[in-house]
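Q: The file below is protein_4.txt, compact mmCIF, C-alpha atoms:
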```txt
# COMPACT_ATOMS: atom_id res chain seq x y z
CA MET D 26 -7.46 33.33 37.25
CA ILE D 27 -4.94 31.47 35.10
CA LEU D 28 -7.26 31.77 32.13
CA LYS D 29 -7.53 35.48 32.64
CA ILE D 30 -3.76 35.95 32.60
CA PHE D 31 -3.62 33.67 29.58
CA ALA D 32 -6.22 35.74 27.73
CA GLU D 33 -4.20 38.89 28.27
CA TYR D 34 -1.16 37.53 26.49
CA PRO D 35 -0.71 38.46 22.82
CA PRO D 36 -1.84 35.71 20.41
CA ARG D 37 1.62 34.49 19.50
CA LYS D 38 2.55 34.00 23.13
CA ARG D 39 -0.69 32.11 23.65
CA LEU D 40 0.12 29.87 20.69
CA GLY D 41 3.59 29.28 22.08
CA LEU D 42 2.19 28.29 25.45
CA VAL D 43 -0.31 25.90 23.86
CA ALA D 44 2.52 24.34 21.88
CA ILE D 45 4.63 23.85 25.00
CA LEU D 46 1.65 22.36 26.80
CA LEU D 47 0.99 19.91 23.97
CA GLY D 48 4.67 19.02 24.01
CA LEU D 49 4.58 18.33 27.73
CA ILE D 50 1.48 16.14 27.38
CA SER D 51 3.06 14.23 24.53
CA ILE D 52 5.88 13.04 26.79
CA PHE D 53 3.35 10.96 28.64
CA ALA D 54 1.38 9.96 25.57
CA GLY D 55 3.87 7.30 24.58
CA ASN D 56 4.84 6.07 21.17
CA PRO D 57 2.39 7.11 18.48
CA ASN D 58 3.22 3.98 16.54
CA GLY D 59 2.35 1.94 19.63
CA LYS D 60 2.33 -1.59 18.35
CA THR D 61 1.96 -3.68 21.43
CA MET D 62 -1.04 -2.36 23.31
CA THR D 63 -4.40 -2.20 21.64
CA LYS D 64 -7.96 -2.49 22.65
CA ILE D 65 -9.68 -5.21 20.77
CA ASN D 66 -13.34 -5.17 20.14
CA ALA D 67 -13.93 -8.90 20.45
CA GLN D 68 -17.39 -8.70 18.97
CA GLU D 69 -16.10 -6.92 15.95
CA ILE D 70 -13.20 -9.29 15.43
CA SER D 71 -15.41 -12.33 15.66
CA MET D 72 -17.75 -10.79 13.11
CA ILE D 73 -14.84 -10.08 10.82
CA SER D 74 -13.34 -13.51 11.23
CA SER D 75 -16.54 -15.24 10.21
CA LYS D 76 -16.90 -13.12 7.09
CA GLU D 77 -13.73 -11.46 6.14
CA ILE D 78 -10.77 -13.80 6.33
CA THR D 79 -9.84 -13.53 2.73
CA LYS D 80 -8.43 -16.78 1.51
CA ILE D 81 -6.59 -17.27 -1.69
CA ALA D 82 -6.48 -20.64 -3.38
CA VAL D 83 -3.19 -22.29 -4.23
CA ASP D 84 -3.87 -22.48 -7.95
CA GLU D 85 -4.57 -18.77 -8.01
CA LEU D 86 -1.21 -18.13 -6.33
CA ALA D 87 0.59 -20.49 -8.70
CA ASN D 88 -0.94 -18.75 -11.69
CA ASP D 89 0.03 -15.34 -10.43
CA ILE D 90 3.61 -16.40 -9.73
CA ILE D 91 3.97 -17.92 -13.19
CA LYS D 92 2.62 -14.83 -14.88
CA SER D 93 4.67 -12.68 -12.47
CA LYS D 94 1.73 -10.47 -11.77
CA PHE D 95 2.05 -11.28 -8.13
CA ASP D 96 1.71 -8.25 -5.89
CA TYR D 97 1.56 -9.72 -2.42
CA ARG D 98 4.24 -10.03 0.18
CA LEU D 99 4.25 -13.79 0.53
CA ILE D 100 5.04 -14.71 4.13
CA ASP D 101 6.09 -18.19 5.21
CA LEU D 102 5.18 -18.59 8.90
CA ARG D 103 6.91 -21.90 9.52
CA ASP D 104 10.22 -22.19 11.37
CA ALA D 105 13.52 -21.51 9.66
CA LYS D 106 14.32 -25.20 9.23
CA ASP D 107 11.13 -26.01 7.34
CA TYR D 108 11.54 -22.84 5.36
CA SER D 109 15.05 -23.72 4.26
CA GLU D 110 13.94 -27.21 3.23
CA TYR D 111 11.19 -25.97 1.01
CA ASN D 112 9.29 -22.76 0.46
CA ILE D 113 7.07 -21.29 -2.19
CA PRO D 114 9.11 -19.15 -4.57
CA SER D 115 9.31 -15.45 -3.66
CA SER D 116 8.29 -16.03 -0.04
CA GLU D 117 9.90 -14.50 3.02
CA ASN D 118 10.25 -16.27 6.33
CA ILE D 119 8.65 -14.60 9.36
CA GLU D 120 7.55 -16.79 12.23
CA VAL D 121 4.22 -16.12 13.89
CA ASP D 122 5.65 -14.72 17.11
CA GLN D 123 7.80 -12.31 15.12
CA ILE D 124 5.02 -11.09 12.87
CA LEU D 125 4.39 -7.85 14.75
CA ASN D 126 8.08 -7.00 14.92
CA SER D 127 8.56 -7.49 11.22
CA ASP D 128 8.83 -4.80 8.58
CA LEU D 129 5.35 -5.45 7.21
CA GLU D 130 3.47 -2.23 6.53
CA ARG D 131 -0.19 -1.68 7.23
CA ASN D 132 -1.04 -0.85 3.64
CA GLU D 133 0.67 -3.83 2.06
CA ASN D 134 -1.01 -6.79 0.50
CA ILE D 135 0.14 -9.72 2.56
CA LEU D 136 -0.39 -13.41 1.88
CA LEU D 137 0.29 -15.73 4.79
CA TYR D 138 0.91 -19.44 4.67
CA SER D 139 2.12 -22.19 6.95
CA ASP D 140 1.72 -25.97 6.91
CA ASN D 141 -2.03 -25.65 7.05
CA ASP D 142 -4.53 -22.95 7.93
CA ILE D 143 -3.98 -22.84 11.69
CA GLU D 144 -0.88 -20.70 12.08
CA SER D 145 -1.77 -18.46 9.21
CA THR D 146 -5.12 -17.73 10.82
CA GLN D 147 -3.36 -16.91 14.09
CA ALA D 148 -1.08 -14.51 12.30
CA TRP D 149 -4.08 -13.09 10.46
CA PHE D 150 -5.70 -12.30 13.81
CA LEU D 151 -2.56 -10.72 15.20
CA LEU D 152 -2.21 -8.46 12.19
CA LYS D 153 -5.91 -7.65 12.16
CA THR D 154 -5.81 -6.46 15.78
CA GLN D 155 -3.10 -4.03 14.70
CA ASP D 156 -5.21 -2.68 11.86
CA TYR D 157 -3.35 -4.21 8.96
CA LYS D 158 -5.61 -3.85 5.96
CA GLY D 159 -4.67 -6.28 3.21
CA VAL D 160 -4.01 -9.56 4.99
CA ASN D 161 -4.83 -12.80 3.19
CA VAL D 162 -4.42 -16.47 3.97
CA LEU D 163 -3.33 -19.15 1.54
CA ARG D 164 -6.08 -21.72 1.75
CA GLY D 165 -4.72 -25.05 2.93
CA GLY D 166 -1.15 -23.80 3.20
CA ILE D 167 1.80 -25.93 2.14
CA GLU D 168 -0.28 -29.10 2.36
CA SER D 169 -2.63 -27.92 -0.36
CA TRP D 170 0.27 -26.52 -2.32
CA LYS D 171 1.82 -30.00 -2.35
CA LYS D 172 -1.37 -31.80 -3.19
CA GLU D 173 -2.67 -29.47 -5.85
CA ILE D 174 0.33 -27.77 -7.37
CA LEU D 175 3.51 -29.78 -6.90
CA PHE D 176 2.09 -33.28 -7.09
CA PRO D 177 -1.40 -33.00 -8.47
CA ALA D 178 -3.28 -36.25 -8.71
CA CYS D 179 -3.97 -37.32 -12.21
CA SER D 180 -7.48 -38.35 -12.90
CA CYS D 181 -6.54 -39.79 -16.23
CA ASN D 182 -8.99 -41.89 -18.10
CA LYS D 183 -7.79 -44.20 -20.77
CA THR D 184 -9.62 -42.10 -23.30
CA PRO D 185 -9.55 -38.51 -22.09
CA THR D 186 -11.81 -35.95 -23.65
CA ILE D 187 -10.18 -32.86 -25.08
CA GLU D 188 -11.07 -30.85 -22.01
CA GLN D 189 -9.64 -33.44 -19.67
CA LYS D 190 -6.49 -33.59 -21.72
CA HIS D 191 -6.19 -29.84 -21.70
CA LYS D 192 -6.66 -29.67 -17.96
CA HIS D 193 -4.16 -32.45 -17.45
CA ASP D 194 -1.52 -30.69 -19.55
CA LYS D 195 -2.02 -27.50 -17.66
CA LEU D 196 -1.62 -29.17 -14.28
CA LEU D 197 1.48 -30.91 -15.51
CA ALA D 198 2.99 -27.68 -16.78
CA ILE D 199 2.30 -25.89 -13.52
CA SER D 200 3.75 -28.65 -11.40
CA LYS D 201 6.82 -28.79 -13.62
CA PHE D 202 7.30 -25.05 -13.30
CA PHE D 203 7.60 -25.43 -9.55
CA GLY D 204 9.76 -28.52 -9.81
CA GLY D 205 7.14 -31.11 -8.89
CA SER D 206 5.71 -33.97 -10.85
CA MET D 207 2.36 -35.47 -11.72
CA ASN D 208 1.05 -38.07 -9.37
CA LEU D 209 -0.40 -40.78 -11.50
CA VAL D 210 -3.25 -42.31 -9.60
CA SER D 211 -3.38 -45.29 -11.81
CA GLU D 212 0.25 -46.07 -11.16
CA ASN D 213 0.18 -46.15 -7.38
CA ASN D 214 -2.31 -44.86 -4.96
CA THR D 215 -0.15 -42.75 -2.73
CA ASP D 216 -1.40 -39.33 -2.10
CA GLY D 217 1.68 -37.50 -3.14
CA GLN D 218 2.82 -37.43 0.45
CA ASN D 219 5.85 -39.62 -0.05
CA ARG D 220 7.13 -37.70 -2.96
CA LYS D 221 10.35 -35.87 -2.53
CA MET D 222 9.94 -32.15 -2.28
CA PRO D 223 11.77 -30.24 -4.96
CA VAL D 224 15.21 -29.32 -3.74
CA ILE D 225 15.68 -25.63 -3.47
CA LYS D 226 18.92 -23.82 -3.56
CA THR D 227 19.53 -21.03 -1.10
CA PRO D 228 18.60 -18.29 -1.47
CA ALA D 229 15.34 -19.86 -2.44
CA LYS D 230 14.15 -17.03 -4.56
CA VAL D 231 12.81 -17.36 -8.01
CA THR D 232 13.83 -14.24 -9.81
CA LEU D 233 10.48 -12.61 -10.15
CA LYS D 234 10.15 -9.14 -11.38
CA LYS D 235 10.03 -7.24 -8.13
CA ALA D 236 6.54 -7.85 -6.94
CA ASN D 237 6.17 -4.27 -5.82
CA GLY D 238 6.37 -2.96 -9.34
CA LYS D 239 3.69 -0.47 -8.40
CA LYS D 240 5.74 1.07 -5.65
CA LYS D 241 6.38 4.66 -6.43
CA ARG D 242 9.21 6.89 -5.62
CA GLU D 243 8.18 9.25 -2.92
CA GLY D 244 9.44 12.48 -1.51
CA CYS D 245 9.89 15.97 -2.77
CA MET Y 21 -10.81 5.27 8.12
CA THR Y 22 -7.11 5.68 8.60
CA ALA Y 23 -4.76 8.09 6.94
CA PRO Y 24 -2.66 8.28 4.79
CA PHE Y 25 -5.70 7.81 2.55
CA TYR Y 26 -3.78 7.24 -0.65
CA LYS Y 27 -1.68 4.47 0.79
CA PHE Y 28 -4.73 2.69 2.10
CA GLY Y 29 -6.25 2.87 -1.35
CA PHE Y 30 -9.12 5.27 -0.65
CA PHE Y 31 -8.45 6.87 -4.01
CA ASN Y 32 -6.45 5.93 -7.05
CA ASP Y 33 -3.54 7.49 -8.91
CA GLU Y 34 -5.66 9.81 -11.05
CA ILE Y 35 -7.57 11.24 -8.10
CA SER Y 36 -4.33 11.59 -6.18
CA LEU Y 37 -2.98 13.81 -8.96
CA ILE Y 38 -6.05 16.03 -8.80
CA ILE Y 39 -5.73 16.31 -5.03
CA ALA Y 40 -2.03 17.06 -5.36
CA PHE Y 41 -2.87 19.79 -7.87
CA ALA Y 42 -5.37 21.40 -5.51
CA ILE Y 43 -3.01 21.23 -2.53
CA GLY Y 44 -0.20 22.59 -4.71
CA ILE Y 45 -2.28 25.60 -5.76
CA PHE Y 46 -3.05 26.46 -2.16
CA PHE Y 47 0.51 25.87 -1.07
CA GLY Y 48 1.75 28.26 -3.75
CA LEU Y 49 -0.89 30.80 -2.78
CA VAL Y 50 0.15 30.69 0.86
CA LEU Y 51 3.84 30.98 -0.03
CA GLU Y 52 3.14 34.01 -2.22
CA LYS Y 53 0.98 35.63 0.46
CA GLY Y 54 3.72 34.99 3.00
CA GLY Y 55 6.16 36.92 0.84
CA PHE Y 56 8.14 33.84 -0.18
CA GLY Y 57 7.91 34.82 -3.82
CA SER Y 58 10.47 37.55 -3.32
CA ALA Y 59 14.14 36.76 -3.53
CA ARG Y 60 14.90 39.74 -1.28
CA MET Y 61 12.69 38.35 1.46
CA LEU Y 62 14.32 34.93 1.25
CA ALA Y 63 17.85 36.28 1.19
CA ALA Y 64 17.00 38.54 4.15
CA GLN Y 65 17.04 35.43 6.35
CA PHE Y 66 20.75 35.14 5.91
CA TYR Y 67 21.39 38.78 6.75
CA PHE Y 68 19.07 38.66 9.78
CA THR Y 69 17.11 41.70 8.61
CA ASP Y 70 13.72 40.03 8.24
CA MET Y 71 13.26 36.54 9.66
CA ARG Y 72 9.75 36.00 8.33
CA VAL Y 73 10.59 32.94 6.24
CA PHE Y 74 12.40 31.29 9.11
CA LYS Y 75 9.47 31.92 11.42
CA VAL Y 76 6.86 30.68 8.95
CA MET Y 77 8.85 27.54 8.20
CA PHE Y 78 9.50 26.66 11.82
CA THR Y 79 5.87 27.32 12.70
CA ALA Y 80 4.85 24.95 9.91
CA ILE Y 81 7.22 22.30 11.22
CA VAL Y 82 5.92 22.57 14.76
CA THR Y 83 2.27 22.61 13.66
CA ALA Y 84 2.72 19.58 11.43
CA MET Y 85 4.66 17.74 14.10
CA ILE Y 86 2.05 18.29 16.80
CA GLY Y 87 -0.75 17.47 14.38
CA LEU Y 88 0.83 14.25 13.13
CA PHE Y 89 1.70 13.11 16.62
CA TYR Y 90 -1.76 13.58 18.07
CA LEU Y 91 -3.63 12.32 15.00
CA SER Y 92 -1.53 9.21 15.07
CA TRP Y 93 -1.91 8.86 18.81
CA MET Y 94 -5.67 9.03 18.43
CA GLY Y 95 -5.54 6.39 15.73
CA PHE Y 96 -6.54 8.48 12.71
CA LEU Y 97 -3.17 8.13 11.09
CA ASP Y 98 -0.58 5.43 10.68
CA LEU Y 99 2.63 7.32 11.31
CA SER Y 100 4.75 4.42 10.11
CA LEU Y 101 3.38 4.98 6.60
CA VAL Y 102 4.13 8.67 6.45
CA TYR Y 103 7.03 8.98 4.07
CA TYR Y 104 10.41 10.32 4.89
CA GLY Y 105 13.58 9.52 3.04
CA ASP Y 106 16.36 7.14 3.95
CA THR Y 107 19.45 8.67 5.48
CA TYR Y 108 22.74 8.89 3.61
CA LEU Y 109 24.51 11.09 6.12
CA ILE Y 110 27.56 12.61 4.39
CA PRO Y 111 26.03 12.99 0.89
CA GLN Y 112 22.99 14.65 2.43
CA ILE Y 113 25.07 17.09 4.47
CA LEU Y 114 26.96 18.02 1.32
CA GLY Y 115 23.73 18.33 -0.65
CA GLY Y 116 22.26 20.56 2.05
CA LEU Y 117 25.30 22.83 1.91
CA ILE Y 118 25.05 23.15 -1.88
CA LEU Y 119 21.34 23.92 -1.63
CA GLY Y 120 22.04 26.48 1.09
CA VAL Y 121 24.65 28.27 -1.02
CA GLY Y 122 22.21 28.33 -3.94
CA PHE Y 123 19.57 29.66 -1.58
CA VAL Y 124 21.66 32.65 -0.43
CA VAL Y 125 23.09 33.43 -3.86
CA GLY Y 126 19.90 33.02 -5.89
CA GLY Y 127 17.37 33.99 -3.27
CA TYR Y 128 15.02 31.07 -3.90
CA CYS Y 129 14.54 27.48 -3.03
CA PRO Y 130 13.16 25.24 -5.79
CA GLY Y 131 9.57 25.60 -4.58
CA THR Y 132 9.60 29.35 -4.09
CA SER Y 133 11.21 29.85 -7.50
CA ALA Y 134 8.11 28.25 -9.02
CA VAL Y 135 5.95 30.63 -6.97
CA ALA Y 136 8.01 33.60 -8.14
CA ILE Y 137 7.80 32.53 -11.79
CA SER Y 138 4.02 32.58 -11.55
CA THR Y 139 4.13 36.24 -10.63
CA GLY Y 140 6.44 36.91 -13.54
CA ARG Y 141 9.76 37.44 -11.84
CA ILE Y 142 12.52 37.11 -14.40
CA ASP Y 143 15.27 36.25 -11.93
CA ALA Y 144 13.18 33.27 -10.83
CA ILE Y 145 12.97 32.01 -14.41
CA PHE Y 146 16.75 32.07 -14.62
CA TYR Y 147 16.97 30.44 -11.22
CA ALA Y 148 14.73 27.57 -12.36
CA LEU Y 149 16.65 27.18 -15.62
CA GLY Y 150 19.83 26.99 -13.56
CA GLY Y 151 18.24 24.32 -11.41
CA MET Y 152 17.36 22.27 -14.47
CA PHE Y 153 20.85 22.64 -15.83
CA GLY Y 154 22.14 21.44 -12.47
CA ILE Y 155 19.92 18.37 -12.73
CA LEU Y 156 21.37 17.64 -16.16
CA VAL Y 157 24.93 17.99 -14.90
CA PHE Y 158 24.16 15.79 -11.92
CA GLY Y 159 22.60 13.14 -14.17
CA GLU Y 160 25.64 13.09 -16.44
CA LEU Y 161 28.03 12.94 -13.50
CA PHE Y 162 26.05 10.29 -11.67
CA PRO Y 163 28.05 7.27 -12.91
CA TYR Y 164 31.20 8.81 -11.43
CA ILE Y 165 29.71 9.70 -8.06
CA THR Y 166 27.41 6.73 -7.53
CA GLU Y 167 29.61 5.28 -4.81
CA PHE Y 168 29.66 8.51 -2.84
CA PHE Y 169 25.95 9.06 -3.48
CA TYR Y 170 25.08 5.83 -1.68
CA SER Y 171 27.73 6.04 1.04
CA THR Y 172 27.15 6.31 4.82
CA TYR Y 173 23.74 4.70 4.44
CA MET Y 174 21.85 4.61 7.73
CA GLY Y 175 18.47 3.30 6.60
CA LYS Y 176 15.13 4.78 7.51
CA ILE Y 177 15.91 6.28 10.88
CA ASN Y 178 14.41 8.94 13.07
CA LEU Y 179 15.57 10.64 16.24
CA PRO Y 180 13.37 8.83 18.79
CA THR Y 181 14.47 5.37 17.63
CA LEU Y 182 18.08 6.39 17.01
CA LEU Y 183 18.56 7.99 20.42
CA ASN Y 184 16.10 5.61 22.04
CA ILE Y 185 14.10 8.35 23.71
CA ASN Y 186 10.45 9.12 23.94
CA TYR Y 187 8.72 10.69 20.90
CA GLY Y 188 7.11 13.27 23.18
CA PHE Y 189 10.44 14.38 24.57
CA ILE Y 190 11.75 15.08 21.08
CA MET Y 191 8.54 16.99 20.39
CA LEU Y 192 9.03 19.17 23.44
CA LEU Y 193 12.65 19.80 22.51
CA VAL Y 194 11.70 20.88 18.99
CA ILE Y 195 8.94 23.15 20.31
CA LEU Y 196 11.31 24.78 22.78
CA MET Y 197 13.89 25.08 20.03
CA ALA Y 198 11.32 26.83 17.83
CA ILE Y 199 10.29 29.27 20.53
CA GLY Y 200 13.93 29.94 21.35
CA GLY Y 201 14.59 30.43 17.63
CA PHE Y 202 11.71 32.90 17.29
CA THR Y 203 12.93 34.93 20.25
CA ALA Y 204 16.47 34.98 18.89
CA ALA Y 205 15.19 35.90 15.43
CA GLU Y 206 13.24 38.89 16.70
CA TRP Y 207 16.18 39.99 18.79
CA ALA Y 208 18.40 39.76 15.69
CA GLU Y 209 15.91 41.73 13.61
CA LYS Y 210 15.88 44.54 16.16
CA ALA Y 211 19.65 44.51 16.47
CA MET Y 212 20.07 44.73 12.68
CA LEU Y 213 17.53 47.54 12.47
CA LYS Y 214 19.42 49.54 15.08
CA LYS Y 215 22.66 48.94 13.29
CA ARG Y 216 21.18 50.17 10.03
CA GLU Y 217 19.73 53.26 11.59
CA GLY Y 218 23.10 53.93 13.10
CA GLU Y 219 24.77 53.86 9.71
```
Take the structure in this file and express it as structure tokens.
A:
Amino acid sequence: MILKIFAEYPPRKRLGLVAILLGLISIFAGNPNGKTMTKINAQEISMISSKEITKIAVDELANDIIKSKFDYRLIDLRDAKDYSEYNIPSSENIEVDQILNSDLERNENILLYSDNDIESTQAWFLLKTQDYKGVNVLRGGIESWKKEILFPACSCNKTPTIEQKHKHDKLLAISKFFGGSMNLVSENNTDGQNRKMPVIKTPAKVTLKKANGKKKREGC
Amino acid sequence: MTAPFYKFGFFNDEISLIIAFAIGIFFGLVLEKGGFGSARMLAAQFYFTDMRVFKVMFTAIVTAMIGLFYLSWMGFLDLSLVYYGDTYLIPQILGGLILGVGFVVGGYCPGTSAVAISTGRIDAIFYALGGMFGILVFGELFPYITEFFYSTYMGKINLPTLLNINYGFIMLLVILMAIGGFTAAEWAEKAMLKKREGE
């Protein structure tokens, strides 16, 4: 009956009615960006987590920052206090529980770090359930960063080969760049843990060329 | 697979240019077929004699809006990555007014002037040259108007978040507005026709 009346209308009136109907339905459809409710396929996520958590090593990150070819959003997940005491240059501070309310975009390359791997993996999961594509975790977090970049242990022999010397110089240069120092194993056997962290001035940003150099102007 | 494909890296810059070229060709074709390549047709909007351009444009808006909403709702599209510009309220109102005046006087908007050039309309060539000259003048003046240009910045806002109401409600309002607009447009067309016949 209704369909018959509908069919008798001219096409443009039919289109108008369909549009109104779709509009009415959309009121109940909710927010199309809906960020809070999702269905998670647990099987799928567990598969992904065993294979796909992409981890980036600290020396890779250090290299990229030095060469300023860094194109990740570097996210520090620790609390504001820890962040203000020390953070990796060019990082932003977003705590884990705020990660879904942040301005991170689903197509961005994101690199997460915290003290170790635990919180960054949590945040990785949260973002993954919301379909963020390029999420990465800094392997070992700040702890590795300290041990390998800021205060690398020196495995100096008395008579280093050329390669060892070269490697040693490189480590030293990197650690100096970030304001750390070499940890001479022969001198004392501490693990670098008691060393003072480099003091950072606020805002703790190294002036990198804007990481998003690739970002294009959009619009018409 | 989620759209926008380019932003999720399904294809690179080069391919994106090819795709843009193809879409551009079809867009121009549709504009020309719709009669948008004629300055008379475009100017007719402002004299209420033929509201075709208004109707086509508003139909496009409503179609795109419904499509984007439901695609995003079904999860094929990330609406938060679909680009729209930041809002600089007063400068944009002024810019819109200038564009509107140019639209009535010249009978084209920048896009339709390109369409009209392709069919060899000489007025469109002058219109486009004028546009380029305007760009030059704007560029030279920019240092003096920078402050105004960036004033009343409101960030990346949209109606649902600004007014804190449901996306769907805004959709319905726009759809009703369109249908109301179409009805009014046809009424105006008829009224103008009568008036002309009377003359």
Q: Residues of chain Y no more than 9 Å from chain D, counting all atoms listed in the file: send them over as a PyMOL selection string.
A: chain Y and resi 27-29+82-83+86+89-95+98-101+103-105+186-196+199
Q: For Pro177 of chain D, which of D:Ala105, D:Val121, D:Ile135, D:Leu197 is the closest residue, counting only C-alpha atoms?
A: D:Leu197
Q: May I ask for the distance between atom CA of Ala198 of chain Y and atom CA of Thr107 of chain Y, given in Å to one decimal place?
A: 23.4 Å
Q: Using all atoms listed in the file, what residues lie at most 12 Å away from (9.1, 36.8, -7.1) (file coordinates), given as a PyMOL selection string?
A: chain Y and resi 48+51-62+126-129+131-147
Q: With distances taken over only C-alpha atoms, which of Y:Gly200, Y:Ile185, Y:Val124, Y:Phe68 is nearest to Arg216 of chain Y?
A: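 Closest candidate: Y:Phe68.
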Q: Residues near Thr79 of chain D, anyone? I mean within 10 Å using all atoms listed in the file, not counting same-chain ones fewer than 5 positions away, as an mmCIF file with C-alpha atoms, keeping the file's coordinate frame.
A:
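Output contents, as saved in result35.cif:
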```cif
data_model
loop_
_atom_site.group_PDB
_atom_site.id
_atom_site.type_symbol
_atom_site.label_atom_id
_atom_site.label_comp_id
_atom_site.auth_asym_id
_atom_site.auth_seq_id
_atom_site.Cartn_x
_atom_site.Cartn_y
_atom_site.Cartn_z
ATOM 1 C CA SER D 74 -13.340 -13.510 11.230
ATOM 2 C CA LEU D 136 -0.390 -13.410 1.880
ATOM 3 C CA TRP D 149 -4.080 -13.090 10.460
ATOM 4 C CA GLY D 159 -4.670 -6.280 3.210
ATOM 5 C CA VAL D 160 -4.010 -9.560 4.990
ATOM 6 C CA ASN D 161 -4.830 -12.800 3.190
ATOM 7 C CA VAL D 162 -4.420 -16.470 3.970
ATOM 8 C CA LEU D 163 -3.330 -19.150 1.540
ATOM 9 C CA ARG D 164 -6.080 -21.720 1.750
#
```
Q: Within 12 Å of segment 166-171 of chain Y, counting all atoms listed in the file, which residues qualify if same-chain residues fewer than 4 places away don't, as an MDAnalysis selection string?
A: chainID Y and resid 106:115 158:162 175
Q: For the selection you just gave me, I'd like the residues written to a file as a PDB file, in the coordinates of the input, keeping C-alpha atoms.
A:
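The result, written out as result_27.pdb:
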```pdb
ATOM      1  CA  ASP Y 106      16.360   7.140   3.950  1.00  0.00           C
ATOM      2  CA  THR Y 107      19.450   8.670   5.480  1.00  0.00           C
ATOM      3  CA  TYR Y 108      22.740   8.890   3.610  1.00  0.00           C
ATOM      4  CA  LEU Y 109      24.510  11.090   6.120  1.00  0.00           C
ATOM      5  CA  ILE Y 110      27.560  12.610   4.390  1.00  0.00           C
ATOM      6  CA  PRO Y 111      26.030  12.990   0.890  1.00  0.00           C
ATOM      7  CA  GLN Y 112      22.990  14.650   2.430  1.00  0.00           C
ATOM      8  CA  ILE Y 113      25.070  17.090   4.470  1.00  0.00           C
ATOM      9  CA  LEU Y 114      26.960  18.020   1.320  1.00  0.00           C
ATOM     10  CA  GLY Y 115      23.730  18.330  -0.650  1.00  0.00           C
ATOM     11  CA  PHE Y 158      24.160  15.790 -11.920  1.00  0.00           C
ATOM     12  CA  GLY Y 159      22.600  13.140 -14.170  1.00  0.00           C
ATOM     13  CA  GLU Y 160      25.640  13.090 -16.440  1.00  0.00           C
ATOM     14  CA  LEU Y 161      28.030  12.940 -13.500  1.00  0.00           C
ATOM     15  CA  PHE Y 162      26.050  10.290 -11.670  1.00  0.00           C
ATOM     16  CA  GLY Y 175      18.470   3.300   6.600  1.00  0.00           C
TER      17      GLY Y 175
END
```
Q: Which of these, D:Glu188, D:Asp101, D:Glu173, D:Asp194, has the shortest distance to Asp84 of chain D once you count only C-alpha atoms?
A: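 Residue with the minimum atom-to-atom distance to Asp84 of chain D: D:Glu173.
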Q: Between atom CA of Arg72 of chain Y and atom CA of Ile45 of chain Y, what is the spacing in Å?
A: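 Going from atom CA of Ile45 of chain Y over to atom CA of Arg72 of chain Y, I get 21.2 Å.
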Q: Skip Thr146 of chain D itself and residues of its chain fewer than 4 positions away, then list as JSON, numbers by chain all residues within 9 Å of it, counting all atoms listed in the file.
A: {"D": [78, 137, 138, 142, 150, 151, 162]}
Q: May I have the selected residues written with C-alpha atoms, as a tab-separated table (two decimals), in the coordinates of the input?
A:
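Written output follows (part.tsv):
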```
chain	number	residue	atom	x	y	z
D	78	ILE	CA	-10.77	-13.80	6.33
D	137	LEU	CA	0.29	-15.73	4.79
D	138	TYR	CA	0.91	-19.44	4.67
D	142	ASP	CA	-4.53	-22.95	7.93
D	150	PHE	CA	-5.70	-12.30	13.81
D	151	LEU	CA	-2.56	-10.72	15.20
D	162	VAL	CA	-4.42	-16.47	3.97
```
Q: Extending 5 Å beyond the listed atoms of segment 97-100 of chain Y on each side, what axis-aligned box results? I want centre and edge lengths in Å to one decimal, as JSON.
A:
```
{"center_x": 0.8, "center_y": 6.3, "center_z": 10.7, "size_x": 17.9, "size_y": 13.7, "size_z": 11.2}
```
Q: If you measure from atom CA of Ile124 of chain D to atom CA of Ala148 of chain D, what distance in Å do you get, rounded to one decimal?
A: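 Separation of atom CA of Ile124 of chain D and atom CA of Ala148 of chain D: 7.0 Å.
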